[in-house]
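With mmCIF, C-alpha atoms inside, this is work-v7.cif:
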data_data
loop_
_atom_site.label_atom_id
_atom_site.label_comp_id
_atom_site.auth_asym_id
_atom_site.auth_seq_id
_atom_site.Cartn_x
_atom_site.Cartn_y
_atom_site.Cartn_z
CA MET A 1 22.66 11.20 -30.15
CA MET A 2 21.50 9.03 -27.28
CA SER A 3 19.15 6.18 -28.13
CA LYS A 4 15.77 6.03 -26.42
CA CYS A 5 15.81 3.74 -23.43
CA ARG A 6 12.77 1.64 -22.51
CA PHE A 7 12.85 3.18 -19.03
CA GLU A 8 12.76 6.76 -20.30
CA GLY A 9 8.99 6.87 -20.06
CA GLN A 10 9.27 6.20 -16.32
CA ILE A 11 11.28 9.34 -15.57
CA GLU A 12 8.30 11.60 -14.99
CA ASN A 13 6.40 8.94 -13.10
CA TYR A 14 9.34 8.58 -10.76
CA LEU A 15 9.81 12.31 -10.25
CA LEU A 16 6.08 12.83 -9.69
CA LYS A 17 6.06 9.97 -7.17
CA ARG A 18 3.80 7.76 -9.24
CA LEU A 19 6.03 4.70 -8.98
CA GLU A 20 5.68 2.37 -6.04
CA GLY A 21 7.45 -0.71 -4.72
CA THR A 22 9.21 -2.87 -7.26
CA GLN A 23 8.62 -0.47 -10.14
CA LYS A 24 10.29 2.32 -8.22
CA GLU A 25 13.21 0.15 -7.17
CA GLU A 26 13.71 -1.14 -10.70
CA PHE A 27 13.81 2.37 -12.05
CA GLU A 28 16.24 3.51 -9.36
CA GLU A 29 18.52 0.59 -10.05
CA HIS A 30 18.26 1.36 -13.74
CA TYR A 31 19.43 4.94 -13.48
CA PHE A 32 22.45 3.77 -11.53
CA ASN A 33 23.32 1.81 -14.67
CA CYS A 34 22.11 4.08 -17.49
CA ALA A 35 23.93 7.37 -18.02
CA SER A 36 21.37 8.49 -20.57
CA CYS A 37 18.40 8.07 -18.24
CA PHE A 38 20.26 9.69 -15.35
CA GLN A 39 21.02 12.73 -17.47
CA ARG A 40 17.39 13.00 -18.53
CA LEU A 41 16.32 12.49 -14.93
CA ARG A 42 18.39 15.46 -13.73
CA GLU A 43 17.17 17.68 -16.54
CA ARG A 44 13.55 16.78 -15.94
CA ASP A 45 13.94 17.12 -12.17
CA LEU A 46 15.16 20.68 -12.52
CA LEU A 47 12.37 21.50 -14.96
CA ILE A 48 9.72 20.14 -12.58
CA ARG A 49 11.20 21.96 -9.60
CA ILE A 50 11.11 25.25 -11.50
CA VAL A 51 7.56 24.69 -12.71
CA LYS A 52 6.48 23.81 -9.17
CA SER A 53 8.25 26.79 -7.65
CA ARG A 54 6.49 29.12 -10.07
CA GLY A 55 3.08 27.56 -9.87
CA PRO A 56 0.19 29.48 -11.42
CA ALA A 57 2.52 32.39 -12.17
CA LEU A 58 3.87 30.27 -15.01
CA VAL A 59 0.76 31.01 -17.02
CA ALA A 60 -0.17 34.65 -16.96
CA GLU A 61 -3.57 35.73 -15.66
CA GLY A 62 -4.98 36.21 -19.16
CA ASP A 63 -3.95 32.82 -20.44
CA ARG A 64 -4.68 30.55 -17.50
CA ALA A 65 -5.11 26.97 -18.61
CA GLY A 66 -8.42 25.20 -18.51
CA ARG A 67 -10.62 26.56 -21.27
CA PRO A 68 -10.93 23.84 -23.89
CA GLY A 69 -9.89 24.59 -27.40
CA ARG A 70 -9.11 28.27 -26.99
CA VAL A 71 -5.99 29.82 -28.37
CA LEU A 72 -4.67 31.82 -25.46
CA TRP A 73 -1.72 33.58 -26.97
CA ARG A 74 -1.82 37.35 -27.31
CA PRO A 75 1.14 38.37 -29.38
CA ALA A 76 3.31 41.45 -29.95
CA PRO A 77 3.34 44.35 -27.46
CA ARG A 78 2.46 42.30 -24.41
CA THR A 79 5.16 39.74 -25.07
CA LEU A 80 8.04 41.78 -23.80
CA ALA A 81 6.18 42.97 -20.73
CA ALA A 82 4.99 39.46 -19.94
CA ALA A 83 8.51 38.08 -20.25
CA ALA A 84 9.89 40.77 -17.94
CA ALA A 85 7.07 40.24 -15.46
CA GLY A 86 7.64 36.52 -15.67
CA LEU A 87 11.29 36.91 -14.78
CA VAL A 88 10.42 38.99 -11.75
CA LEU A 89 7.85 36.40 -10.75
CA VAL A 90 10.42 33.61 -11.01
CA LEU A 91 12.71 35.35 -8.59
CA ALA A 92 9.83 36.21 -6.29
CA ALA A 93 8.49 32.68 -6.47
CA LEU A 94 11.84 31.16 -5.60
CA ILE A 95 12.18 33.39 -2.57
CA LEU A 96 8.73 34.38 -1.33
CA VAL A 97 5.95 32.09 -2.48
CA PRO A 98 4.93 29.52 0.10
CA ARG A 99 5.79 26.04 -1.02
CA PHE A 100 2.41 24.44 -0.78
CA ARG A 101 3.47 21.82 -3.29
CA GLY A 102 7.01 21.18 -2.22
CA THR A 103 8.74 17.88 -1.77
CA THR A 104 6.79 15.13 -0.07
CA PRO A 105 8.48 14.12 3.17
CA GLU A 106 9.78 10.61 3.11
CA PHE A 107 10.61 9.40 6.57
CA VAL A 108 8.46 6.50 7.58
CA LEU A 109 9.48 2.92 7.04
CA THR A 110 6.84 0.38 6.22
CA GLY A 111 7.18 -3.35 6.72
CA ASP A 112 8.77 -4.01 3.35
CA GLY A 113 11.45 -1.42 3.90
CA THR A 114 9.99 1.06 1.46
CA VAL A 115 10.36 4.62 2.55
CA ARG A 116 7.12 6.53 2.56
CA GLY A 117 5.77 9.64 4.17
CA GLY A 118 2.68 11.72 4.67
CA THR A 119 1.98 15.35 4.05
CA ILE A 120 0.00 17.66 6.29
CA ALA A 121 -1.89 20.38 4.42
CA VAL A 122 -1.63 23.70 6.17
CA VAL A 123 -4.60 26.07 6.33
CA ALA A 124 -3.26 29.32 7.79
CA PRO A 125 -1.36 31.57 8.14
CA ALA A 126 0.39 32.14 4.81
CA GLY A 127 1.41 35.13 2.70
CA GLU A 128 1.09 38.71 3.89
CA LEU A 129 -0.79 39.34 7.13
CA PRO A 130 -2.00 42.68 8.55
CA GLU A 131 -1.07 41.55 12.05
CA PRO A 132 0.73 38.65 13.73
CA PRO A 133 -1.31 35.44 13.49
CA ALA A 134 -3.38 34.45 16.50
CA SER A 135 -3.15 30.75 15.71
CA PHE A 136 -1.88 28.09 13.34
CA GLU A 137 -4.22 25.68 11.64
CA TRP A 138 -3.80 22.61 9.45
CA GLN A 139 -5.97 19.86 8.01
CA PRO A 140 -6.61 16.89 10.31
CA ALA A 141 -4.08 14.19 9.53
CA GLY A 142 -5.32 11.17 11.47
CA SER A 143 -6.31 10.08 14.94
CA ASP A 144 -4.19 9.65 18.03
CA LEU A 145 -1.43 11.88 16.70
CA GLU A 146 0.56 14.54 18.45
CA PHE A 147 1.32 17.60 16.36
CA ARG A 148 4.34 19.74 16.97
CA VAL A 149 4.35 23.22 15.48
CA TYR A 150 7.54 25.15 14.76
CA LEU A 151 7.73 28.87 14.09
CA PHE A 152 10.97 29.99 12.44
CA GLN A 153 12.71 33.23 11.71
CA SER A 154 16.49 32.96 11.65
CA ASP A 155 16.05 30.11 14.10
CA VAL A 156 13.19 28.39 15.89
CA VAL A 157 11.24 31.23 17.51
CA TRP A 158 8.65 29.08 19.18
CA THR A 159 7.50 25.49 19.27
CA ALA A 160 4.60 23.75 20.97
CA ALA A 161 2.67 20.49 20.81
CA THR A 162 -1.04 19.74 20.57
CA ARG A 163 -3.42 16.90 19.71
CA SER A 164 -5.79 19.25 17.90
CA ASN A 165 -5.41 20.52 14.33
CA SER A 166 -4.85 24.09 15.46
CA ILE A 167 -2.93 25.87 18.15
CA ALA A 168 -2.99 29.40 19.49
CA LEU A 169 0.11 31.53 19.40
CA PRO A 170 0.81 32.89 22.90
CA ASP A 171 0.49 36.67 23.24
CA GLU A 172 4.05 37.11 24.38
CA ILE A 173 5.26 35.45 21.16
CA ARG A 174 2.82 37.45 19.03
CA ARG A 175 4.19 40.67 20.44
CA ARG A 176 7.66 39.60 19.39
CA LEU A 177 6.70 39.19 15.72
CA ALA A 178 7.92 42.46 14.25
CA ASP A 179 6.18 44.44 11.53
CA GLY A 180 7.66 43.54 8.17
CA GLY A 181 9.27 40.46 9.61
CA GLU A 182 9.33 37.31 7.50
CA TYR A 183 8.57 34.03 9.24
CA SER A 184 7.85 30.48 8.33
CA TRP A 185 6.13 27.65 10.13
CA GLN A 186 5.78 23.94 9.90
CA VAL A 187 3.85 21.20 11.64
CA LYS A 188 4.90 17.59 12.18
CA ALA A 189 2.73 14.68 13.27
CA PHE A 190 4.05 12.00 15.61
CA ALA A 191 2.54 8.60 16.31
CA PRO A 192 2.00 7.53 19.93
CA GLN A 193 5.29 5.58 19.84
CA GLY A 194 7.09 8.78 18.90
CA GLY A 195 7.73 8.04 15.23
CA LEU A 196 7.33 10.85 12.73
CA THR A 197 4.41 10.09 10.43
CA ALA A 198 3.76 13.26 8.46
CA VAL A 199 5.20 16.70 7.88
CA SER A 200 3.80 19.87 6.33
CA ASP A 201 5.68 22.10 3.94
CA ARG A 202 7.48 25.05 5.49
CA VAL A 203 5.05 27.90 4.86
CA ARG A 204 6.10 31.53 4.84
CA PHE A 205 4.22 34.55 6.06
CA GLN A 206 5.04 38.18 6.53
CA VAL A 207 3.54 40.61 9.01
CA LYS A 208 2.72 43.68 6.92
CA PRO A 209 0.32 46.14 8.58
CA ALA A 210 -1.94 48.09 6.20
CA ARG A 211 -0.95 51.76 5.95
CA MET B 1 51.37 -1.21 -10.08
CA LYS B 2 48.12 -3.17 -9.87
CA ARG B 3 47.25 -1.25 -6.75
CA LYS B 4 47.85 2.03 -8.56
CA GLN B 5 45.60 0.91 -11.39
CA ASP B 6 42.89 0.04 -8.85
CA GLU B 7 43.18 3.49 -7.30
CA LEU B 8 42.68 5.11 -10.69
CA ASP B 9 39.65 2.95 -11.43
CA LEU B 10 38.16 3.73 -8.06
CA ASP B 11 38.70 7.44 -8.60
CA GLU B 12 36.90 7.19 -11.88
CA MET B 13 34.12 5.17 -10.29
CA VAL B 14 33.68 7.73 -7.52
CA ALA B 15 33.62 10.62 -9.99
CA ARG B 16 30.99 8.86 -12.08
CA TYR B 17 28.73 7.69 -9.29
CA ARG B 18 28.91 10.60 -6.83
CA PRO B 19 26.20 12.61 -8.63
CA ILE B 20 24.01 9.54 -9.04
CA VAL B 21 24.28 8.54 -5.39
CA GLY B 22 23.80 12.18 -4.40
CA PHE B 23 20.60 12.39 -6.43
CA ARG B 24 19.25 9.19 -4.88
CA VAL B 25 20.08 10.29 -1.33
CA LYS B 26 18.63 13.78 -1.71
CA ARG B 27 15.51 12.30 -3.22
CA ALA B 28 15.08 10.03 -0.20
CA PHE B 29 15.92 12.62 2.46
CA GLY B 30 14.52 15.76 0.86
CA PRO B 31 16.80 18.54 -0.38
CA ALA B 32 16.72 20.43 2.92
CA ASN B 33 18.34 17.64 4.91
CA PRO B 34 21.88 18.77 5.72
CA ASP B 35 23.13 15.20 6.22
CA TRP B 36 22.88 14.13 2.61
CA GLU B 37 26.46 14.92 1.66
CA ASP B 38 27.89 13.00 4.62
CA ILE B 39 25.76 10.00 3.74
CA VAL B 40 26.92 10.12 0.12
CA ASN B 41 30.54 10.13 1.29
CA GLU B 42 29.84 7.24 3.63
CA ILE B 43 28.22 5.23 0.85
CA LEU B 44 31.10 5.81 -1.55
CA ALA B 45 33.65 5.00 1.16
CA ASP B 46 31.74 1.80 1.90
CA VAL B 47 31.72 0.90 -1.80
CA ILE B 48 35.50 1.38 -2.01
CA VAL B 49 36.11 -0.76 1.07
CA LYS B 50 33.89 -3.54 -0.25
CA ILE B 51 35.56 -3.50 -3.66
CA ARG B 52 39.00 -3.63 -2.08
CA ASN B 53 37.86 -6.52 0.11
CA GLY B 54 36.77 -8.40 -2.98
CA GLU B 55 33.06 -8.24 -2.15
CA PHE B 56 32.22 -7.04 -5.64
CA GLU B 57 32.44 -10.24 -7.64
CA GLY B 58 31.07 -8.98 -10.89
CA ARG B 59 27.84 -10.98 -10.66
CA SER B 60 25.92 -7.73 -11.04
CA THR B 61 26.93 -4.47 -12.65
CA ILE B 62 28.90 -1.99 -10.56
CA GLY B 63 25.87 0.32 -10.79
CA THR B 64 23.62 -2.28 -9.20
CA PHE B 65 26.26 -3.01 -6.56
CA ILE B 66 26.43 0.68 -5.61
CA TYR B 67 22.65 1.04 -5.78
CA THR B 68 22.23 -1.81 -3.29
CA ILE B 69 24.73 -0.32 -0.83
CA ALA B 70 23.16 3.13 -1.20
CA SER B 71 19.63 1.82 -0.64
CA ARG B 72 20.61 -0.05 2.53
CA ARG B 73 22.40 3.00 3.92
CA ILE B 74 19.42 5.22 3.18
CA VAL B 75 17.04 2.84 4.96
CA ASP B 76 19.40 2.62 7.96
CA TYR B 77 19.67 6.38 8.18
CA ILE B 78 15.93 6.93 7.98
CA ARG B 79 15.24 4.19 10.52
CA LEU B 80 17.64 5.85 12.96
CA LYS B 81 16.31 9.32 12.18
CA THR B 82 12.72 8.23 12.61
CA LYS B 83 13.55 6.88 16.04
CA HIS B 84 15.24 10.07 17.18
CA LEU B 85 13.67 12.75 15.03
CA ARG B 86 11.54 14.15 17.81
CA TYR B 87 14.67 15.17 19.66
CA ALA B 88 16.82 16.00 16.63
CA PRO B 89 17.91 19.58 15.95
CA GLU B 90 15.76 21.44 13.47
CA PRO B 91 17.00 21.94 9.92
CA PRO B 92 18.14 25.45 8.96
CA PRO B 93 15.32 27.88 8.20
CA LEU B 94 14.22 28.62 4.68
CA PRO B 95 15.56 29.52 2.25
CA ASP B 96 17.64 26.39 2.37
CA PRO B 97 21.10 27.48 1.22
CA GLN B 98 21.88 24.17 -0.44
CA GLU B 99 18.72 24.10 -2.48
CA LEU B 100 18.91 27.74 -3.50
CA ALA B 101 22.56 27.39 -4.44
CA GLU B 102 21.69 24.35 -6.46
CA LEU B 103 18.83 26.09 -8.20
CA GLY B 104 20.67 29.40 -8.42
CA GLU B 105 21.96 30.62 -11.72
CA ASN B 106 21.16 27.48 -13.68
CA ALA B 107 17.55 27.64 -12.58
CA GLU B 108 17.30 31.26 -13.62
CA ARG B 109 18.61 30.43 -17.07
CA LEU B 110 16.18 27.59 -17.41
CA ALA B 111 13.35 29.76 -16.09
CA ARG B 112 14.15 32.40 -18.71
CA ALA B 113 14.01 29.71 -21.38
CA ILE B 114 10.63 28.58 -20.08
CA ASP B 115 9.42 32.17 -20.21
CA LYS B 116 10.27 32.32 -23.88
CA LEU B 117 7.96 29.42 -24.64
CA LYS B 118 4.66 30.29 -26.20
CA PRO B 119 1.72 30.24 -23.77
CA ARG B 120 0.27 27.03 -25.14
CA PHE B 121 3.54 25.25 -24.36
CA LYS B 122 3.75 26.79 -20.90
CA GLU B 123 0.16 25.74 -20.24
CA VAL B 124 1.07 22.15 -20.88
CA LEU B 125 4.01 22.38 -18.47
CA TYR B 126 1.76 23.93 -15.84
CA LEU B 127 -0.98 21.32 -16.12
CA TYR B 128 1.36 18.40 -16.54
CA TYR B 129 4.01 19.17 -13.94
CA PHE B 130 2.38 21.56 -11.48
CA GLN B 131 -1.12 20.14 -11.42
CA GLU B 132 0.29 16.68 -12.13
CA LEU B 133 -2.48 15.77 -14.56
CA SER B 134 -1.99 12.84 -16.91
CA ARG B 135 -1.50 13.49 -20.62
CA GLU B 136 -5.08 12.37 -21.22
CA GLU B 137 -6.39 14.78 -18.56
CA VAL B 138 -4.33 17.63 -20.00
CA ALA B 139 -5.71 16.79 -23.43
CA ARG B 140 -9.31 16.92 -22.15
CA ARG B 141 -8.67 20.19 -20.32
CA LEU B 142 -7.20 21.88 -23.38
CA GLY B 143 -9.40 20.29 -26.02
CA LEU B 144 -6.44 18.59 -27.69
CA THR B 145 -5.60 15.04 -28.57
CA PRO B 146 -3.25 13.21 -26.16
CA ARG B 147 -0.81 12.92 -29.03
CA ARG B 148 -0.69 16.68 -29.42
CA VAL B 149 -0.09 17.06 -25.69
CA SER B 150 2.80 14.61 -25.96
CA GLU B 151 4.20 16.60 -28.86
CA ARG B 152 4.11 19.78 -26.83
CA VAL B 153 5.70 18.18 -23.79
CA ASN B 154 8.39 16.60 -25.96
CA TYR B 155 9.01 19.90 -27.70
CA ASP B 156 9.50 21.56 -24.30
CA HIS B 157 11.93 18.85 -23.29
CA LYS B 158 13.95 19.05 -26.47
CA LEU B 159 14.17 22.80 -26.44
CA LEU B 160 15.18 22.95 -22.80
CA ARG B 161 17.60 20.04 -23.22
CA LYS B 162 19.23 21.88 -26.08
CA LEU B 163 19.72 24.87 -23.83
CA LEU B 164 21.11 22.75 -21.03
CA GLN B 165 23.56 20.95 -23.26
CA GLN B 166 24.68 24.08 -25.03
CA GLU B 167 25.46 25.71 -21.73
CA ASP B 168 27.11 22.59 -20.33
CA PHE B 169 24.46 22.72 -17.69
CA PHE B 170 25.40 19.65 -15.73
CA GLN B 171 28.95 19.44 -17.03
CA LEU B 172 28.24 16.09 -18.58
CA SER B 173 30.50 15.03 -21.38
CA GLY B 174 29.92 12.85 -24.38
CA SER B 175 26.49 14.12 -25.38
CA ARG B 176 25.78 16.43 -28.22
CA PRO B 177 23.01 19.01 -28.31
CA THR B 178 19.74 17.56 -29.48
CA LYS B 179 18.45 19.07 -32.64
CA VAL B 180 15.05 20.62 -32.11
CA ARG B 181 12.82 19.98 -35.06
CA LYS B 182 10.68 22.81 -36.31
CA THR B 183 7.22 22.46 -34.81
CA GLU B 184 4.11 24.51 -34.24
CA ASN B 185 6.03 26.61 -31.71
CA ASP B 186 8.14 28.02 -34.54
CA GLU B 187 5.18 29.24 -36.53
#
As structure tokens, how would this structure be written, given the file I've shared?
Amino acid sequence: MMSKCRFEGQIENYLLKRLEGTQKEEFEEHYFNCASCFQRLRERDLLIRIVKSRGPALVAEGDRAGRPGRVLWRPAPRTLAAAAAGLVLVLAALILVPRFRGTTPEFVLTGDGTVRGGTIAVVAPAGELPEPPASFEWQPAGSDLEFRVYLFQSDVVWTAATRSNSIALPDEIRRRLADGGEYSWQVKAFAPQGGLTAVSDRVRFQVKPAR
Amino acid sequence: MKRKQDELDLDEMVARYRPIVGFRVKRAFGPANPDWEDIVNEILADVIVKIRNGEFEGRSTIGTFIYTIASRRIVDYIRLKTKHLRYAPEPPPLPDPQELAELGENAERLARAIDKLKPRFKEVLYLYYFQELSREEVARRLGLTPRRVSERVNYDHKLLRKLLQQEDFFQLSGSRPTKVRKTENDE
């Protein structure tokens, strides 16, 4: 049995990006030297990635967290159905659910050589849409930035730049977005000197007209 | 003969540190970056060259030596990428094959194990890892003591670790399955 290492308590802080500067570097150097912590780190990393990919689906509708002191477990007949539904949701989540809480981009160098990055929160579109989106919108991410939007299918379908926090999708591109087609989009922010300063998650949407 | 011995040691070193360097590089670049594997190979090649040139003098551990080389290479790569990223080709569209392959079957097994947890244990995972609340915040939200939250998180870890080790999840040797003590989840 592996003994508990004094750094073990830092594993989650590192994976959840709560460590900064020297603390982060010390922990990284440590796991290069400690097989036990590295093993735990990989295990915990996979666990966190699965939990994040499933999101609220992890806790079923009836037992959503947040009500103090209540026992939320409903046993017996629902268990099997919930487990089966959960499995389906895992697969769906891994493939379909937009990754609003994906990995934080880490591109920008600060003066001390630490690698940091910003995240742009997207507003719309996401999920299933009755018709092709007319525009893309995201939260403002700072002043004097140029935003470049990318629309993907099997490749980049369309890209354009703006200084606003939204951009219209040209009609000719909208007409090309087929019914039932699955697309994703992403926005990146560039500083005036051209350096990348922030990136959004790649967000999926599907054009699914109501029947 | 000495040279042969060095080769064997280096092989062992590469086998041991490849996953560690890979983890560090992917963490810095993001899992969707297709360059990570090339950078890992470059780092390990650089380590071998430096060791053969006598640059590793044993004043630090080999782990620290490799960590330092890896960190410098990562910073160099990102500095270069930041300069040229505007004109760089786009990464492949989602789903990223590397990430899905990595998650793949192992992730499904782990997800099934998570599904088998009782709701109160899943709740803790959701609040702690998805919402990224502290143990104290989770405790307030659920009306528990922080110690009880820690117990639930630790139970989740032990149970899932047991599964991973039983199934040789990461093909790591030398560690035995952790015994999961009976807790409130077994009631």
Env of segment 176-183 of chain A: 10 Å cut, atoms = all atoms listed in the file, seq-sep filter 3 positions within chain, self excluded. Answer as a ChimeraX atom specification. /A:96,126-133,151-157,171-173,202-209 /B:93-94
Using all atoms listed in the file, which of A:Asp144, A:Glu137, A:Asp201, A:Glu29 sits nearest chain B? A:Glu29
Got a sec to resolve the PyMOL selection byres ((chain A and resi 7) around 9) on this structure and send the residues as a list in words? Lys4, Cys5, Arg6, Glu8, Gly9, Gln10, Ile11, Phe27, His30, Tyr31 and Cys37 of chain A
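Across the model, the gap from atom CA of Glu132 of chain B to atom CA of Cys34 of chain A is 25.8 Å.
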Shortest interatomic distance to chain B - which of A:Lys188, A:Lys52, A:Arg163, A:Arg18, counting only C-alpha atoms: A:Lys52
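Between atom CA of Val40 of chain B and atom CA of Val25 of chain B the separation is 7.0 Å.
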Residue contacts of Arg147 of chain B (10 Å, all atoms listed in the file) excluding same-chain residues fewer than 6 positions away, as a PyMOL selection string: chain B and resi 135-136+139+153
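Of note, atom CA of Met13 of chain B and atom CA of Leu46 of chain A are spaced 24.6 Å apart.
Of the listed residues (B:Leu127, B:Val149, B:Ile48, B:Ile39), B:Leu127 comes nearest to chain A; the distances count all atoms listed in the file.
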Box time for segment 135-154 of chain B: axis-aligned, enclosing all its listed atoms, 8 Å extra on each side; report centre and edge lengths in Å to one decimal, as AutoDock Vina command-line options.
--center_x -0.5 --center_y 17.1 --center_z -24.0 --size_x 33.8 --size_y 25.5 --size_z 26.9
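Distance check against chain A using only C-alpha atoms: of B:Arg18, B:Lys122, B:Arg59, B:Lys26, the minimum falls on B:Lys122.
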Hits of the PyMOL selection byres ((chain B and resi 126) around 10) in this structure, as a list in words: Ile48, Val51, Lys52, Arg54, Gly55, Pro56, Ala57, Leu58, Val59, Arg64 and Ala65 of chain A; Arg120, Phe121, Lys122, Glu123, Val124, Leu125, Leu127, Tyr128, Tyr129, Phe130, Gln131, Glu132, Leu133 and Val138 of chain B
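On the file presented, the PyMOL selection byres ((chain B and resi 62) around 12) picks out Glu29, His30, Phe32, Asn33 and Cys34 of chain A; Asp9, Leu10, Met13, Val14, Arg16, Tyr17, Val47, Ile48, Lys50, Ile51, Glu55, Phe56, Glu57, Gly58, Arg59, Ser60, Thr61, Gly63, Thr64, Phe65, Ile66, Tyr67, Thr68 and Ile69 of chain B.
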In the coordinate frame of the file, compute which residues have an atom within 7 Å of (26.4, 6.8, 3.6) when using all atoms listed in the file, and state them as a PyMOL selection string. chain B and resi 38-43+70+73
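Using all atoms listed in the file for every distance, the candidate list A:Phe136, A:Phe38, A:Tyr14, A:Trp158 yields A:Phe38 as the residue closest to chain B.
Each of A:Gln39, A:Thr119, A:Ser200, A:Thr22 was compared to chain B using all atoms listed in the file, and A:Gln39 turns out to be the nearest.
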Can I get segment 159-176 of chain A with N, CA and C atoms filled in, as an mmCIF file, keeping the file's coordinate frame?
data_model
loop_
_atom_site.group_PDB
_atom_site.id
_atom_site.type_symbol
_atom_site.label_atom_id
_atom_site.label_comp_id
_atom_site.auth_asym_id
_atom_site.auth_seq_id
_atom_site.Cartn_x
_atom_site.Cartn_y
_atom_site.Cartn_z
ATOM 1 N N THR A 159 8.016 26.807 19.628
ATOM 2 C CA THR A 159 7.500 25.490 19.270
ATOM 3 C C THR A 159 6.573 25.008 20.374
ATOM 4 N N ALA A 160 5.564 24.260 19.991
ATOM 5 C CA ALA A 160 4.600 23.750 20.970
ATOM 6 C C ALA A 160 3.906 22.527 20.383
ATOM 7 N N ALA A 161 3.334 21.722 21.262
ATOM 8 C CA ALA A 161 2.670 20.490 20.810
ATOM 9 C C ALA A 161 1.182 20.533 21.139
ATOM 10 N N THR A 162 0.398 19.821 20.342
ATOM 11 C CA THR A 162 -1.040 19.740 20.570
ATOM 12 C C THR A 162 -1.569 18.444 19.954
ATOM 13 N N ARG A 163 -2.780 18.047 20.368
ATOM 14 C CA ARG A 163 -3.420 16.900 19.710
ATOM 15 C C ARG A 163 -4.537 17.370 18.788
ATOM 16 N N SER A 164 -4.764 18.677 18.771
ATOM 17 C CA SER A 164 -5.790 19.250 17.900
ATOM 18 C C SER A 164 -5.168 19.577 16.540
ATOM 19 N N ASN A 165 -5.979 20.106 15.606
ATOM 20 C CA ASN A 165 -5.410 20.520 14.330
ATOM 21 C C ASN A 165 -5.270 22.045 14.250
ATOM 22 N N SER A 166 -5.178 22.660 15.419
ATOM 23 C CA SER A 166 -4.850 24.090 15.460
ATOM 24 C C SER A 166 -4.233 24.378 16.823
ATOM 25 N N ILE A 167 -3.541 25.491 16.874
ATOM 26 C CA ILE A 167 -2.930 25.870 18.150
ATOM 27 C C ILE A 167 -2.806 27.387 18.196
ATOM 28 N N ALA A 168 -3.073 27.948 19.351
ATOM 29 C CA ALA A 168 -2.990 29.400 19.490
ATOM 30 C C ALA A 168 -1.545 29.817 19.718
ATOM 31 N N LEU A 169 -1.224 30.978 19.184
ATOM 32 C CA LEU A 169 0.110 31.530 19.400
ATOM 33 C C LEU A 169 0.059 32.402 20.661
ATOM 34 N N PRO A 170 0.873 32.108 21.661
ATOM 35 C CA PRO A 170 0.810 32.890 22.900
ATOM 36 C C PRO A 170 1.041 34.387 22.641
ATOM 37 N N ASP A 171 0.380 35.213 23.424
ATOM 38 C CA ASP A 171 0.490 36.670 23.240
ATOM 39 C C ASP A 171 1.917 37.162 23.307
ATOM 40 N N GLU A 172 2.680 36.597 24.238
ATOM 41 C CA GLU A 172 4.050 37.110 24.380
ATOM 42 C C GLU A 172 4.871 36.830 23.110
ATOM 43 N N ILE A 173 4.555 35.730 22.407
ATOM 44 C CA ILE A 173 5.260 35.450 21.160
ATOM 45 C C ILE A 173 4.732 36.359 20.048
ATOM 46 N N ARG A 174 3.422 36.572 20.047
ATOM 47 C CA ARG A 174 2.820 37.450 19.030
ATOM 48 C C ARG A 174 3.435 38.833 19.077
ATOM 49 N N ARG A 175 3.637 39.322 20.300
ATOM 50 C CA ARG A 175 4.190 40.670 20.440
ATOM 51 C C ARG A 175 5.620 40.752 19.893
ATOM 52 N N ARG A 176 6.273 39.592 19.861
ATOM 53 C CA ARG A 176 7.660 39.600 19.390
ATOM 54 C C ARG A 176 7.759 39.546 17.854
#
